[in-house]
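This is data_7.txt (compact mmCIF, C-alpha atoms and all ligand atoms).
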```
# COMPACT_ATOMS: atom_id res chain seq x y z
CA MET A 1 20.95 2.94 -2.65
CA GLY A 2 20.10 4.35 0.79
CA ALA A 3 20.69 2.69 4.16
CA ARG A 4 18.52 -0.30 4.93
CA VAL A 5 15.69 0.66 7.31
CA LYS A 6 15.59 -1.89 10.11
CA ILE A 7 13.08 -2.50 12.89
CA GLU A 8 15.17 -0.50 15.37
CA THR A 9 15.59 2.39 12.92
CA LEU A 10 12.07 3.72 13.60
CA GLY A 11 12.69 4.21 17.34
CA LEU A 12 16.04 5.84 16.60
CA MET A 13 14.36 8.21 14.15
CA LYS A 14 11.87 9.23 16.84
CA GLN A 15 14.76 9.89 19.24
CA ARG A 16 16.58 11.97 16.63
CA GLY A 17 13.41 13.85 15.68
CA GLU A 18 13.81 12.64 12.10
CA PRO A 19 10.40 12.33 10.39
CA ILE A 20 9.43 8.85 9.18
CA ALA A 21 7.93 8.75 5.66
CA VAL A 22 5.42 5.95 5.07
CA LEU A 23 3.32 5.25 1.97
CA THR A 24 0.90 2.53 1.00
CA CYS A 25 1.97 0.31 -1.88
CA TYR A 26 0.23 -2.60 -3.56
CA ASP A 27 2.38 -3.56 -6.57
CA HIS A 28 5.94 -4.16 -7.72
CA PRO A 29 6.71 -1.08 -9.89
CA THR A 30 5.33 1.26 -7.23
CA ALA A 31 7.50 -0.49 -4.64
CA VAL A 32 10.60 0.06 -6.80
CA PHE A 33 9.78 3.79 -7.21
CA GLN A 34 8.99 4.30 -3.52
CA ASP A 35 12.11 2.45 -2.40
CA GLY A 36 14.22 4.51 -4.80
CA ALA A 37 12.63 7.72 -3.52
CA GLY A 38 13.70 6.91 0.03
CA VAL A 39 10.35 6.01 1.59
CA ASP A 40 11.21 4.59 5.03
CA VAL A 41 8.29 2.21 5.45
CA ILE A 42 6.49 0.73 2.45
CA PHE A 43 3.10 -0.41 3.60
CA VAL A 44 0.82 -2.95 1.98
CA GLY A 45 -2.40 -1.57 3.47
CA ASP A 46 -5.74 -3.31 3.31
CA SER A 47 -6.81 -0.18 1.44
CA VAL A 48 -5.65 -2.31 -1.53
CA GLY A 49 -9.23 -3.63 -1.52
CA VAL A 50 -10.91 -0.31 -2.22
CA ASN A 51 -8.06 1.24 -4.22
CA VAL A 52 -7.15 -1.55 -6.63
CA LEU A 53 -9.41 -4.57 -6.19
CA GLY A 54 -12.70 -2.75 -6.67
CA TYR A 55 -14.13 -3.76 -3.28
CA ASP A 56 -16.65 -1.49 -1.53
CA SER A 57 -15.11 -1.91 1.89
CA PRO A 58 -11.85 -2.94 3.58
CA GLN A 59 -13.90 -5.66 5.27
CA GLN A 60 -13.84 -7.65 2.00
CA VAL A 61 -10.05 -7.96 1.92
CA THR A 62 -8.80 -11.50 2.54
CA MET A 63 -5.53 -12.96 3.75
CA GLY A 64 -5.09 -14.30 0.20
CA ASP A 65 -5.28 -10.73 -1.16
CA MET A 66 -2.77 -9.50 1.41
CA ARG A 67 -0.31 -12.34 0.74
CA HIS A 68 -0.51 -11.82 -3.02
CA HIS A 69 0.15 -8.07 -2.88
CA THR A 70 2.78 -8.38 -0.15
CA ARG A 71 4.76 -10.82 -2.32
CA ALA A 72 4.60 -8.44 -5.31
CA VAL A 73 5.79 -5.49 -3.21
CA ARG A 74 8.53 -7.57 -1.54
CA ARG A 75 10.15 -8.18 -4.94
CA GLY A 76 10.59 -4.43 -5.36
CA VAL A 77 11.80 -3.37 -1.92
CA VAL A 78 15.50 -3.16 -1.14
CA ASP A 79 16.06 -0.53 1.56
CA ALA A 80 12.68 0.27 3.07
CA LEU A 81 11.01 -1.62 5.88
CA LEU A 82 8.04 -3.60 4.56
CA MET A 83 4.87 -3.50 6.65
CA ALA A 84 1.61 -5.31 5.81
CA ASP A 85 -1.90 -5.07 7.22
CA LEU A 86 -3.66 -7.94 8.92
CA PRO A 87 -7.08 -7.72 7.24
CA TYR A 88 -10.49 -7.56 8.90
CA ARG A 89 -11.29 -10.54 11.16
CA SER A 90 -7.86 -12.11 10.63
CA TYR A 91 -6.74 -11.40 14.22
CA GLU A 92 -9.76 -12.11 16.36
CA THR A 93 -7.72 -14.17 18.82
CA PRO A 94 -4.01 -14.05 19.73
CA ALA A 95 -3.47 -17.47 18.09
CA GLN A 96 -5.17 -16.36 14.87
CA ALA A 97 -3.14 -13.14 14.83
CA VAL A 98 0.11 -15.11 15.13
CA LYS A 99 -0.88 -17.66 12.47
CA ASN A 100 -1.86 -14.97 9.94
CA ALA A 101 1.06 -12.68 10.78
CA ARG A 102 3.40 -15.61 10.06
CA GLN A 103 1.80 -15.94 6.63
CA LEU A 104 2.42 -12.25 5.92
CA ALA A 105 5.99 -12.69 7.14
CA LEU A 106 6.42 -15.63 4.73
CA ALA A 107 5.13 -13.34 1.96
CA GLY A 108 7.88 -10.88 2.87
CA ALA A 109 6.46 -8.51 5.50
CA GLU A 110 8.87 -7.46 8.24
CA VAL A 111 6.19 -5.75 10.33
CA VAL A 112 2.45 -6.35 10.58
CA LYS A 113 -0.16 -3.74 11.41
CA LEU A 114 -3.50 -4.35 13.04
CA GLU A 115 -6.27 -1.97 13.95
CA GLY A 116 -7.04 -1.28 17.57
CA GLY A 117 -5.40 -0.47 20.87
CA ARG A 118 -6.49 -1.88 24.22
CA ASN A 119 -8.98 -4.19 22.48
CA VAL A 120 -6.16 -6.07 20.71
CA ILE A 121 -3.53 -6.07 23.44
CA GLY A 122 -3.67 -9.88 23.78
CA GLN A 123 -2.93 -10.15 20.06
CA VAL A 124 -0.09 -7.61 20.23
CA GLU A 125 1.50 -9.39 23.22
CA ALA A 126 1.26 -12.75 21.45
CA LEU A 127 2.91 -11.33 18.31
CA VAL A 128 5.68 -9.71 20.34
CA ARG A 129 6.27 -12.99 22.21
CA GLU A 130 6.67 -14.70 18.84
CA GLY A 131 9.18 -12.06 17.73
CA ILE A 132 6.83 -10.55 15.12
CA PRO A 133 7.12 -6.74 15.02
CA VAL A 134 3.69 -5.12 15.17
CA VAL A 135 2.23 -1.63 14.76
CA GLY A 136 -1.20 -0.64 16.14
CA HIS A 137 -3.72 1.76 14.62
CA VAL A 138 -6.00 4.00 16.66
CA GLY A 139 -8.32 6.95 16.17
CA TYR A 140 -10.36 6.34 13.04
CA THR A 141 -10.05 2.64 12.16
CA PRO A 142 -11.34 1.91 8.64
CA GLN A 143 -11.96 -1.83 9.12
CA THR A 144 -14.65 -1.33 11.73
CA ARG A 145 -15.91 2.23 11.29
CA THR A 146 -17.87 2.18 8.09
CA GLY A 147 -19.32 5.26 6.42
CA LYS A 148 -17.99 8.79 6.43
CA ARG A 149 -14.49 9.32 7.85
CA PRO A 150 -14.92 11.33 11.02
CA VAL A 151 -12.40 13.09 13.18
CA PHE A 152 -11.81 10.90 16.18
CA GLY A 153 -10.73 12.37 19.49
CA ASP A 154 -12.27 15.83 19.31
CA ARG A 155 -14.10 15.12 22.56
CA ALA A 156 -11.97 14.86 25.70
CA GLU A 157 -13.15 11.29 26.46
CA ASP A 158 -12.32 10.10 22.95
CA ALA A 159 -8.96 11.88 23.03
CA LEU A 160 -8.20 10.09 26.29
CA ASP A 161 -9.10 6.79 24.64
CA VAL A 162 -6.61 7.51 21.86
CA LEU A 163 -3.91 8.24 24.45
CA LYS A 164 -4.72 5.15 26.55
CA ASP A 165 -4.80 2.92 23.46
CA ALA A 166 -1.45 4.21 22.19
CA HIS A 167 0.05 3.85 25.66
CA ALA A 168 -1.25 0.29 26.03
CA LEU A 169 0.21 -0.63 22.61
CA ALA A 170 3.61 0.74 23.64
CA SER A 171 3.51 -1.16 26.95
CA ALA A 172 2.63 -4.37 25.10
CA GLY A 173 5.75 -3.98 22.95
CA ALA A 174 4.28 -2.55 19.72
CA LEU A 175 6.83 -0.97 17.42
CA GLY A 176 4.70 2.06 16.61
CA VAL A 177 1.17 3.35 16.31
CA VAL A 178 -0.79 4.87 13.44
CA LEU A 179 -2.99 7.80 14.52
CA GLU A 180 -5.75 8.33 11.98
CA CYS A 181 -7.94 11.44 11.84
CA VAL A 182 -7.00 12.72 15.26
CA PRO A 183 -6.85 16.46 16.12
CA GLU A 184 -3.30 17.75 15.91
CA ARG A 185 -3.20 18.86 19.56
CA VAL A 186 -4.22 15.38 20.70
CA ALA A 187 -1.63 13.75 18.40
CA GLU A 188 0.95 16.09 19.94
CA VAL A 189 0.24 14.85 23.46
CA VAL A 190 0.30 11.21 22.33
CA THR A 191 3.57 11.74 20.46
CA GLU A 192 5.17 13.35 23.53
CA ARG A 193 3.84 10.88 26.09
CA VAL A 194 4.20 7.57 24.26
CA PRO A 195 7.71 6.18 23.76
CA ILE A 196 7.05 4.52 20.38
CA PRO A 197 6.84 6.39 17.04
CA THR A 198 3.45 7.83 16.09
CA ILE A 199 2.65 7.74 12.38
CA GLY A 200 -0.10 10.21 11.51
CA ILE A 201 -2.67 10.23 8.74
CA GLY A 202 -4.91 13.23 9.22
CA ALA A 203 -3.24 13.79 12.59
CA GLY A 204 -1.44 17.05 11.83
CA ARG A 205 2.20 18.07 11.70
CA VAL A 206 3.47 16.80 15.02
CA CYS A 207 3.61 13.02 14.69
CA ASP A 208 6.94 11.19 14.42
CA GLY A 209 6.00 10.15 10.90
CA GLN A 210 3.37 10.53 8.21
CA VAL A 211 1.52 7.97 6.13
CA LEU A 212 -0.64 8.59 3.07
CA VAL A 213 -2.46 6.28 0.73
CA ALA A 214 -0.34 6.43 -2.44
CA HIS A 215 -3.41 6.46 -4.70
CA ASP A 216 -4.66 9.59 -2.89
CA MET A 217 -1.37 11.49 -3.04
CA LEU A 218 -0.86 10.53 -6.70
CA GLY A 219 -4.34 11.78 -7.59
CA VAL A 220 -5.48 8.41 -8.95
CA HIS A 221 -8.79 9.14 -7.27
CA LYS A 222 -9.74 12.68 -6.34
CA SER A 223 -9.62 12.50 -2.55
CA ARG A 224 -12.38 14.05 -0.47
CA TYR A 225 -10.20 14.27 2.60
CA ARG A 226 -8.67 17.53 3.80
CA PHE A 227 -5.58 15.77 5.11
CA VAL A 228 -4.56 14.52 1.66
CA LYS A 229 -2.22 16.51 -0.54
CA ALA A 230 -2.22 15.48 -4.21
CA TYR A 231 1.37 15.52 -5.48
CA ALA A 232 0.30 14.47 -8.99
CA ASP A 233 -2.78 14.09 -11.17
CA LEU A 234 -2.50 10.49 -12.33
CA GLU A 235 -6.23 10.28 -12.95
CA GLY A 236 -5.99 13.10 -15.50
CA ALA A 237 -2.74 11.76 -16.98
CA MET A 238 -4.10 8.21 -17.33
CA GLN A 239 -7.43 9.27 -18.79
CA GLN A 240 -5.66 11.47 -21.32
CA ALA A 241 -3.20 8.73 -22.28
CA PHE A 242 -5.94 6.10 -22.71
CA ALA A 243 -8.10 8.45 -24.79
CA SER A 244 -5.11 9.39 -27.03
CA TYR A 245 -4.30 5.71 -27.58
CA VAL A 246 -7.89 4.88 -28.57
CA ASN A 247 -8.03 7.90 -30.93
CA GLU A 248 -4.72 6.98 -32.58
CA VAL A 249 -5.67 3.32 -33.05
CA LYS A 250 -9.02 4.31 -34.58
CA ALA A 251 -7.35 6.88 -36.85
CA HIS A 252 -4.56 4.43 -37.92
CA ARG A 253 -1.94 6.73 -36.39
CA PHE A 254 -0.61 4.00 -34.08
CA PRO A 255 1.51 1.97 -34.60
CA GLN A 256 3.92 3.93 -36.82
CA ASP A 257 6.91 2.82 -38.86
CA LYS A 258 9.23 2.99 -35.84
CA HIS A 259 7.06 0.60 -33.84
CA ARG A 260 7.19 -2.29 -36.32
CA PHE A 261 9.62 -5.20 -36.77
CA LYS A 262 11.09 -5.86 -40.22
CA ILE A 263 12.08 -8.92 -42.26
CA LYS A 264 14.72 -8.97 -45.05
CA SER A 265 13.22 -9.21 -48.59
CA ALA A 266 14.97 -12.54 -49.32
CA GLU A 267 13.48 -14.06 -46.17
CA LEU A 268 10.10 -12.60 -47.05
CA ARG A 269 10.24 -14.20 -50.53
CA ARG A 270 11.19 -17.56 -49.01
CA PHE A 271 8.42 -17.18 -46.47
CA ASN A 272 5.83 -16.44 -49.17
CA LEU A 273 6.90 -19.53 -51.14
CA ARG A 274 6.85 -21.75 -48.05
CA ALA A 275 3.49 -20.33 -47.04
CA GLU A 276 2.06 -21.29 -50.44
CA GLU A 277 3.40 -24.82 -49.99
CA ALA A 278 2.20 -25.05 -46.39
CA LEU A 279 -1.32 -23.95 -47.23
CA TRP A 280 -1.68 -25.55 -50.65
CA PRO A 281 0.82 -28.47 -50.79
CA SER A 282 1.47 -29.73 -54.37
CA LYS A 283 -0.04 -33.14 -55.11
CA SER A 284 3.23 -34.59 -56.50
O1 LIG B 1 -4.75 0.42 4.74
C1 LIG B 1 -4.40 1.61 4.80
O2 LIG B 1 -4.21 2.29 3.79
C2 LIG B 1 -4.21 2.21 6.11
C3 LIG B 1 -3.86 3.66 6.14
C4 LIG B 1 -5.12 4.45 6.20
C5 LIG B 1 -2.94 3.98 7.23
O3 LIG B 1 -4.35 1.55 7.10
```
Represent the structure of the file as structure tokens.
Ligand code: KIV
Amino acid sequence: MGARVKIETLGLMKQRGEPIAVLTCYDHPTAVFQDGAGVDVIFVGDSVGVNVLGYDSPQQVTMGDMRHHTRAVRRGVVDALLMADLPYRSYETPAQAVKNARQLALAGAEVVKLEGGRNVIGQVEALVREGIPVVGHVGYTPQTRTGKRPVFGDRAEDALDVLKDAHALASAGALGVVLECVPERVAEVVTERVPIPTIGIGAGRVCDGQVLVAHDMLGVHKSRYRFVKAYADLEGAMQQAFASYVNEVKAHRFPQDKHRFKIKSAELRRFNLRAEEALWPSKS
């Protein structure tokens, strides 16, 4: 078992220059594996909608979905910090953000994440006032930018927006900020200038930490994004396993002798007699 990652650990890691490893997670066994592998922050992202619930868009994810998956992940996390996303339209006002963040906290989240920077500062301040640790998310924000994933911040004005948003989040007391699909040189400036940890996804090598969607890095779906590295081919492995199972069942090769339970012959004889009586009871 590693050391428990606490809220204050992330800031200390930034100070020490120790990279923060973050992965999305939606279920209990994955949480156990990630926790055992030393992932620092296990993150129940609203990408659960597209990756496991079959939704077309993160906008369809509900608070009910997030509570359900957060509870499952909570049961598997021992050392990592558990962060959960506030889904689309669940934090439109500071009061709504606090109410829904409390529900995620009851489900086991220690940190909540919301998308936005200066546009959600009221919400971030309200959460901080209530003692709820919060992480912002700037650059490309999947909940509101539908369609193709673009690079965000490759024009000076947009890059400045990313910096101002990250800075505003830090000033409002956010614990960290996710930078998504931001040019590396812009992420570098943000990481240097902003006192809270930056967690990059498609933001190059310079952020204080990295986050990937676990389904992408496991190769469950072939990712189209250049910033994803596939560390496994689960799609291939699962398809092969399912096809082998079907073939073996159809060919009577599964189950085999070693997969069956046995009964002693005396018990079997007694059973056969009793079965006769149970099905065709004698008239006497
Ligand atoms: O929900 C999610 O997976 C995310 C990542 C893209 C950071 O927000």
Inset, instruction - Determine the nearest neighbour of Arg74 of chain A from the options A:Leu106, A:Val162, A:Ala168, A:Ala187, counting all atoms listed in the file. - result: A:Leu106
Legend entry - Nearest candidate to Gln103 of chain A (options A:Thr70, A:Thr141, A:Ser171, A:Gln210; using only C-alpha atoms):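 Going through A:Thr70, A:Thr141, A:Ser171, A:Gln210 one by one, the smallest distance to Gln103 of chain A is for A:Thr70.
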Inset, instruction - For a cut-off of 12 Å around (-0.3, 5.8, -4.1), file coordinates, pick out all residues using all atoms listed in the file and list them as a ChimeraX atom specification. - result: /A:22-27,29-31,33-34,42-45,47-48,51-52,211-223,228-235
Box for segment 243-255 of chain A: with edges along x, y and z, all listed atoms inside and 8 Å added on each side, what are the centre and edge lengths in Å to one decimal, as lines of an AutoDock Vina configuration file?
```
center_x = -3.8
center_y = 5.7
center_z = -31.4
size_x = 26.5
size_y = 23.4
size_z = 29.1
```
Inset, instruction - Find the residue from A:Val50, A:Cys181, A:Ala72, A:Met63 that sits nearest to His28 of chain A; use all atoms listed in the file when measuring. - result: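 Ranking A:Val50, A:Cys181, A:Ala72, A:Met63 by distance to His28 of chain A, first place goes to A:Ala72.
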Legend entry - Who sits within 8 Å of segment 130-132 of chain A, all atoms listed in the file, same chain under 2 positions skipped, as a list in words: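 After dropping sequence-adjacent residues, the list is Val98, Ala101, Arg102, Glu110, Val111, Val112, Ala126, Leu127, Val128 and Val134 of chain A.
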Restricting the output to C-alpha atoms, write the selected residues as a compact mmCIF listing (two decimals), keeping the file's coordinate frame.
```txt
# COMPACT_ATOMS: atom_id res chain seq x y z
CA VAL A 98 0.11 -15.11 15.13
CA ALA A 101 1.06 -12.68 10.78
CA ARG A 102 3.40 -15.61 10.06
CA GLU A 110 8.87 -7.46 8.24
CA VAL A 111 6.19 -5.75 10.33
CA VAL A 112 2.45 -6.35 10.58
CA ALA A 126 1.26 -12.75 21.45
CA LEU A 127 2.91 -11.33 18.31
CA VAL A 128 5.68 -9.71 20.34
CA VAL A 134 3.69 -5.12 15.17
```
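For the residues A:Gln123, A:Gly139, A:Gly117, A:Arg75, ranking by smallest atom-to-atom distance to ligand LIG 1 (chain B) using all atoms listed in the file places A:Gly139 first.
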Inset, instruction - Pick out the closest residue to ligand LIG 1 (chain B) from this set: A:His167, A:Arg269, A:His259, A:His137. Count only C-alpha atoms and all ligand atoms. - result: A:His137
Inset, instruction - Find the spatial neighbours of Val206 of chain A, counting only C-alpha atoms, within a cut-off of 12 Å - ignore same-chain residues fewer than 4 positions away - and output them as a PyMOL selection string. - result: chain A and resi 14+17-20+179+182-192+197-202+210
Inset, instruction - Rounded to one decimal place, report the atom O2 of ligand LIG 1 (chain B)-atom CA of Arg118 of chain A distance in Å. - result: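 According to the coordinates, atom O2 of ligand LIG 1 (chain B) and atom CA of Arg118 of chain A are separated by 21.0 Å.
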Inset, instruction - Identify the residues around (-1.1, -7.5, 8.2) within a radius of 6 Å, measuring from all atoms listed in the file in the coordinates stated by the file, and give them as a list in words. - result: Ala84, Asp85, Leu86, Val112 and Lys113 of chain A
Inset, instruction - Find the residues around segment 54-58 of chain A up to 8 Å (all atoms listed in the file counted), leave out those fewer than 3 positions away in its own chain, and share them as a PyMOL selection string. - result: chain A and resi 46-47+49-51+61+87-88+142-143+146
Legend entry - Of the listed residues A:Asn119, A:Gln15, A:Thr144, A:Ser265, that which approaches ligand LIG 1 (chain B) most closely, counting only C-alpha atoms and all ligand atoms: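 Checking each candidate against ligand LIG 1 (chain B), we get A:Thr144 as the closest.
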Inset, instruction - One decimal, Å: what's the distance from atom CA of Asp158 of chain A over to atom CA of Val138 of chain A, could you say? - result: 10.8 Å
Legend entry - Distance in Å - atom CA of Val135 of chain A versus atom CA of Arg67 of chain A: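 Atom-to-atom, atom CA of Val135 of chain A and atom CA of Arg67 of chain A are spaced 17.8 Å apart.
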